[in-house]
Amino acid sequence: MAIGISGYSAYIPRFRIKKEDYAKAWGLFSAAGVAEKSVMGFDEDVLTAAAKVTKRALESVPTAPEKVTRFAFASTSPPYVEKLLSGTVLYSVGIPNTAFCSDHTTSTRAGTEAMIVGFEHVMSNPSGRAVVAAADAPIASMWDSIEHALGAGAAAFVLSGDNLIAELEGHASYASEYFGERFRPREAPYLHDLNVKKFAEGSLLTNTTRAGSALLKKLNRKPEEYQHVVIQQPDARVPATVAARLNFTDAQLASSLVSKSLGDLGAASVPVALASALDTAKVGDKIMVISYGSGAGSDAMSFKVVSDRKTQVRVQTEMDRKEYIDYVKYLKLKGAIV
Amino acid sequence: MAHVSVPMYWRTIPQRYKMIGQKCKKCGAVNFPPKGVCKYCQTSSEFEEVQLSGRGKVHTFVLISAGGAPPEFAEQEKAGGQYPVAIVQLEEGPKMIGQIADVDPKEVKIDMPVKAELRKIYTEEEVIRYGFKFVPG
Amino acid sequence: MKKVAIVGAGQSRYGDFPDKGIKELFFEAYKDMNASVDKGLDPKVIESAYIGNLGSGGFQLGNMSALVTEYCGLTHINTMRIENACASGGYALVAAVMDVMSGTHKAVLAGGVEKMTDVSGIKQKYWLGVSGDTEYERLAGTTFSGLYALIAQRHMYEFGTKREHLSMVAVKNHKNGAQNPKAQFQREITLEQAIKGPIVASPLNLFDCCSTTDGASAVLVCDAEMAKQFTDTPVYVTGFGTASDFLAIHDRANTTTLEGTRRAGAMAYKMSGLTPKDIQLAEVHDCFTIAELLAYEDLGFCEKGNAGPFIEEGHTQIGGDKPVNASGGLKSKGHPIGSTGTGMAYEMFNQLRGTVQKPTRQVKGAEIGLIHNVGGSGGTVAVTVMRR
């Protein structure tokens, strides 16, 4: 039985800060290829953003919230370290209390992690409906160069066995043991990174290429058979490096390279990038998706576009809706001035 | 003191998260937020639950500056500058107060169309209080 | 039912008094009231006392009326604290009037006291702004300036009321308050200053808002039959009215009318056998400038929507045909919440007897006056009409 994505949507908070404002404040901007990035408003967090995209994704099908049987939420920057997070979204959107829900919060891979559990649900419950919402606005110390890339955004997908836009062709994962790159110790409010660059890059390349090549092999596909490749975007250069290792081209990356103008969306990076690829994909197009989370792991998913139905709110529209802020306002919104 | 306890806040989340109102079984008018007795006919206390669309238009508004912000909202004012609060004429009939988010305060006008969505309202006792705000559209 | 007279009235200075608490402030007003009784007062005749108070920042929330009266030597009497937000004093007066009317007690004290400036800025904000609908209005991010601004904005939209009209209220009341030795702000302001004040809750600026104030007031209400034993010139209470409304403005059918004022006024006029035309001067609740404009309309001094031109034409100046807030109003005299209503009665008692402290503020020859006290944004309203 074919399962896949039957609805999707993204949300980008309206504030933007330009790399020039960082350079003015710090003398440099250390997020490769990122020209500007998105910032959440004072009254937003990943749960309000998730509520918004979940509603939009359901409306894009449309599917009544009461039909949802599975809800999965993903973020690396949840407002609470302990407390069920899905409940806020589930209740506000009107998803039944009896829907099984789960929170995925420990790495930037959480977005695809949630998607795969969602797919597993509809695979075993053919009349079921899963909604996956990934929303993120990672926080690091302003003194730390990894902070420069961190943006904000959200995307949600309705997964089902009917009314498909994109059919899931298969998925593969790779997990391994790495440490010291992008981690948050217990009690620490901010991300840490020991900045051992080659070691960290090794983890990223190993996990992503192994997940990606495992899926290609499983599906007996060649990279050139894909029109779109969506890769985790901690900045705007990493995806190209990973793509090259797997023999994908920059052209295949083009439809999903949102980090240039949004920054690192954490657990929402691949979900928002996938929404962007779906916005422009044509019937018959194939989409390869590869996420990465430090620690480390990677998920790969392959989709075939089967309908040219699109969501009402395009990622490009969301990217174009913006209001620039200066670095002082950025510090205030990020809660960096205490 | 203006302390809104966690249970007190929780009791209103059907209104704050989902805009659940009451339709009077006698006169048919929609009350929001809920009343014991219908505020329109002032006779019936029989209602059915209705979910409001959250859509409406600005009936009147104010731009709150530092001096006008309650302490729960002082930080919001300091971080983002003056913020608009409106009484919104909702589609279904009732009027309701709420902040307008995602808007340049100078752009707020009477009769401007708005819709409700979930936002962080404020934090008390380290608990984030979520609820609706209005946004343009 | 008994007829009711006011035979004495006193007020503390209004302002910021770090050296006085609620007991001392109330005692100051009480002594002033006693001294005002022309033929002298034996405190033993006072059988009952109603004290308006919002809680004075949380100090002595319970049993405060017993505390302030025993400090003045009034023990073993009927006493209770009356709380209806900013209208507490107005309701304390009405409670005293009803007490006398019913024949239960013959000589009754109505007073009010508030100590507002002791409280730290943050505590004060948590304490105040609690008299609207806390759940929705306050948690939308408003205090009272915001709520009255919502009304002002709509009034401007519906009736073309101008920024200047609001400021004219502030200018007039500061002009009057400058002549009141007991006022908090005894200085005049210019229209330009009033228009350009720092924004608090747009369209309201600092000069549209009253301040926080320490102060107390007390009036002696008695059976009219015994009034002459205290004074040859009593002031008679001819009628009163009180009315509540939906607490939240959004629940009200009409945003630009305080229905509580309209109904309380109508009731007071009816009981007095008078109409708005008969009122020769009034003390109205100008916690914000827009509130005074609403009062003109809702008390029937002018047509609905016409308050802007009404103030512009000068009707409500001292010397106009309907002087309003000759005391300086809440705006300039000050607004010690629980005291405000009986403070208005103090002013009216003196105006109608021709005994205001500075003759420049005296409305000459006035016989009939009205006082109007609003709780919150109109959730409760008390109106009392008096004649000499």
# chains A, B, ... in the order shown; residues from 1 in each chain; ligands from 1

$ select_by_dssp --residues "segment 5-137 of chain B" --states "helix (DSSP H, G or I)" --output "list of chain:residue names"
B:Val6, B:Pro7, B:Met8, B:Tyr9, B:Trp10, B:Ile13, B:Pro14, B:Gln15, B:Arg16, B:Tyr17, B:Lys18, B:Ala66, B:Gly67, B:Gly68, B:Pro71, B:Glu72, B:Phe73, B:Ala74, B:Glu75, B:Gln76, B:Glu77, B:Lys78, B:Ala79, B:Gly80, B:Pro105, B:Lys106, B:Glu107

$ write_last_selection --atoms "N, CA and C atoms" --output "compact mmCIF listing (two decimals), in the first residue's frame"
# COMPACT_ATOMS: atom_id res chain seq x y z
N VAL B 6 -2.49 28.97 38.28
CA VAL B 6 -2.42 28.00 37.19
C VAL B 6 -3.78 27.33 36.92
N PRO B 7 -4.48 26.84 37.97
CA PRO B 7 -5.79 26.23 37.68
C PRO B 7 -6.79 27.22 37.09
N MET B 8 -6.71 28.47 37.56
CA MET B 8 -7.64 29.48 37.04
C MET B 8 -7.38 29.69 35.55
N TYR B 9 -6.11 29.73 35.20
CA TYR B 9 -5.77 29.90 33.79
C TYR B 9 -6.19 28.68 32.98
N TRP B 10 -5.94 27.53 33.56
CA TRP B 10 -6.25 26.28 32.86
C TRP B 10 -7.73 26.16 32.54
N ILE B 13 -8.59 27.55 29.15
CA ILE B 13 -7.88 27.22 27.90
C ILE B 13 -8.81 26.83 26.74
N PRO B 14 -10.02 26.33 27.00
CA PRO B 14 -10.90 26.14 25.82
C PRO B 14 -11.12 27.47 25.08
N GLN B 15 -11.20 28.55 25.82
CA GLN B 15 -11.36 29.86 25.19
C GLN B 15 -10.04 30.34 24.61
N ARG B 16 -8.97 30.20 25.39
CA ARG B 16 -7.69 30.80 24.98
C ARG B 16 -7.00 30.04 23.86
N TYR B 17 -7.14 28.72 23.84
CA TYR B 17 -6.47 27.94 22.80
C TYR B 17 -7.36 27.70 21.58
N LYS B 18 -8.68 27.60 21.83
CA LYS B 18 -9.56 27.15 20.75
C LYS B 18 -10.75 28.05 20.48
N ALA B 66 5.22 51.81 27.72
CA ALA B 66 5.75 51.32 28.99
C ALA B 66 4.84 51.64 30.18
N GLY B 67 4.37 52.89 30.26
CA GLY B 67 3.56 53.31 31.40
C GLY B 67 2.22 52.62 31.50
N GLY B 68 1.77 52.04 30.40
CA GLY B 68 0.44 51.44 30.39
C GLY B 68 0.44 49.93 30.46
N PRO B 71 2.73 44.60 34.79
CA PRO B 71 4.08 44.04 34.96
C PRO B 71 4.28 42.73 34.21
N GLU B 72 3.20 41.97 34.04
CA GLU B 72 3.31 40.71 33.29
C GLU B 72 3.77 40.96 31.86
N PHE B 73 3.54 42.20 31.37
CA PHE B 73 3.82 42.50 29.97
C PHE B 73 4.93 43.53 29.81
N ALA B 74 5.57 43.89 30.93
CA ALA B 74 6.61 44.93 30.89
C ALA B 74 7.77 44.50 30.00
N GLU B 75 8.16 43.24 30.12
CA GLU B 75 9.29 42.76 29.33
C GLU B 75 8.96 42.76 27.83
N GLN B 76 7.75 42.36 27.54
CA GLN B 76 7.32 42.37 26.13
C GLN B 76 7.43 43.78 25.56
N GLU B 77 6.99 44.77 26.34
CA GLU B 77 7.05 46.16 25.88
C GLU B 77 8.49 46.60 25.71
N LYS B 78 9.34 46.18 26.65
CA LYS B 78 10.75 46.58 26.57
C LYS B 78 11.44 45.93 25.37
N ALA B 79 11.09 44.68 25.10
CA ALA B 79 11.75 43.98 23.99
C ALA B 79 11.25 44.45 22.64
N GLY B 80 9.94 44.70 22.56
CA GLY B 80 9.37 44.96 21.24
C GLY B 80 8.79 46.34 21.04
N PRO B 105 2.58 48.65 14.75
CA PRO B 105 1.49 49.33 15.48
C PRO B 105 0.87 50.49 14.69
N LYS B 106 1.68 51.14 13.88
CA LYS B 106 1.16 52.28 13.11
C LYS B 106 0.14 51.85 12.05
N GLU B 107 0.15 50.56 11.72
CA GLU B 107 -0.75 50.07 10.66
C GLU B 107 -2.12 49.66 11.19

$ closest_atom_pairs --of "chain A" --to "chain B" --cutoff "10 Å" --atoms "only C-alpha atoms" --output "tab-separated table"
residue	atom	partner	partner_atom	distance
A:Pro13	CA	B:Asp102	CA	8.9
A:Arg14	CA	B:Asp102	CA	7.5
A:Phe15	CA	B:Asp102	CA	9.3
A:Gly41	CA	B:Asp102	CA	8.0
A:Phe42	CA	B:Gln76	CA	6.5
A:Asp43	CA	B:Lys120	CA	4.7
A:Glu44	CA	B:Arg119	CA	5.7
A:Asp45	CA	B:Lys120	CA	7.3
A:Leu47	CA	B:Arg119	CA	8.6
A:Thr48	CA	B:Arg119	CA	5.5
A:Ala49	CA	B:Leu118	CA	8.3
A:Ala50	CA	B:Leu118	CA	9.7
A:Ala51	CA	B:Leu118	CA	7.0
A:Lys52	CA	B:Glu117	CA	7.3
A:Lys55	CA	B:Glu117	CA	9.9
A:Pro79	CA	B:Ile128	CA	8.3
A:Tyr80	CA	B:Val127	CA	9.2
A:Thr88	CA	B:Tyr17	CA	8.5
A:Val89	CA	B:Leu118	CA	9.2
A:Tyr91	CA	B:Tyr17	CA	7.4
A:Ser92	CA	B:Tyr17	CA	4.8
A:Val93	CA	B:Lys18	CA	7.2
A:Gly94	CA	B:Lys18	CA	7.7
A:Glu323	CA	B:Asp104	CA	9.6
A:Val328	CA	B:Ala79	CA	9.4
A:Lys329	CA	B:Ala79	CA	6.9
A:Tyr330	CA	B:Ala79	CA	9.0
A:Leu331	CA	B:Ala79	CA	8.8
A:Lys332	CA	B:Ala79	CA	5.2
A:Leu333	CA	B:Ala79	CA	6.2
A:Lys334	CA	B:Ala79	CA	9.4
A:Gly335	CA	B:Ala79	CA	8.7
A:Ile337	CA	B:Ala79	CA	9.6

$ interface_residues --of "chain C" --to "chain B" --cutoff "10 Å" --atoms "only C-alpha atoms" --output "count of residues only"
55

$ closest_residue --among "B:Gly28, B:Gly93, B:Pro113, B:Gly137" --to "Phe47 of chain B" --atoms "only C-alpha atoms"
B:Gly28

$ closest_residue --among "A:Phe73, A:Phe100, A:Phe303, A:Phe248" --to "Glu113 of chain A" --atoms "only C-alpha atoms"
A:Phe73

$ residues_around --residues "Gln42 of chain B" --least-positions-apart "4" --cutoff "12 Å" --atoms "only C-alpha atoms" --output "JSON, numbers by chain"
{"B": [24, 26, 27, 29, 31, 35, 36, 37, 38, 46]}

$ residues_around --residues "segment 95-98 of chain A" --least-positions-apart "6" --cutoff "12 Å" --atoms "only C-alpha atoms" --output "PyMOL selection string"
(chain A and resi 51+54-55+58+63-72+86-89+129-131) or (chain B and resi 18)

$ write_last_selection --atoms "C-alpha atoms" --output "mmCIF file, in the first residue's frame"
data_model
loop_
_atom_site.group_PDB
_atom_site.id
_atom_site.type_symbol
_atom_site.label_atom_id
_atom_site.label_comp_id
_atom_site.auth_asym_id
_atom_site.auth_seq_id
_atom_site.Cartn_x
_atom_site.Cartn_y
_atom_site.Cartn_z
ATOM 1 C CA ALA A 51 0.355 24.992 16.252
ATOM 2 C CA THR A 54 -0.124 22.025 11.991
ATOM 3 C CA LYS A 55 -3.313 23.965 11.332
ATOM 4 C CA LEU A 58 -4.341 20.127 7.834
ATOM 5 C CA THR A 63 -8.208 17.091 6.697
ATOM 6 C CA ALA A 64 -10.367 17.691 9.766
ATOM 7 C CA PRO A 65 -8.214 17.697 12.928
ATOM 8 C CA GLU A 66 -10.620 15.145 14.441
ATOM 9 C CA LYS A 67 -9.381 12.575 11.882
ATOM 10 C CA VAL A 68 -5.800 12.674 13.155
ATOM 11 C CA THR A 69 -4.724 9.512 14.970
ATOM 12 C CA ARG A 70 -1.026 10.224 15.492
ATOM 13 C CA PHE A 71 0.835 13.420 16.292
ATOM 14 C CA ALA A 72 4.600 13.830 16.492
ATOM 15 C CA SER A 86 2.615 17.778 21.955
ATOM 16 C CA GLY A 87 -0.370 18.424 24.203
ATOM 17 C CA THR A 88 -0.225 22.178 23.625
ATOM 18 C CA VAL A 89 -0.384 21.742 19.868
ATOM 19 C CA ARG A 129 -3.721 10.130 9.717
ATOM 20 C CA ALA A 130 -0.434 11.259 11.203
ATOM 21 C CA VAL A 131 0.601 14.840 11.598
ATOM 22 C CA LYS B 18 -9.559 27.150 20.750
#

$ closest_residue --among "B:Val108, B:Val114, B:Cys41, B:Val50" --to "Leu90 of chain B" --atoms "only C-alpha atoms"
B:Val114
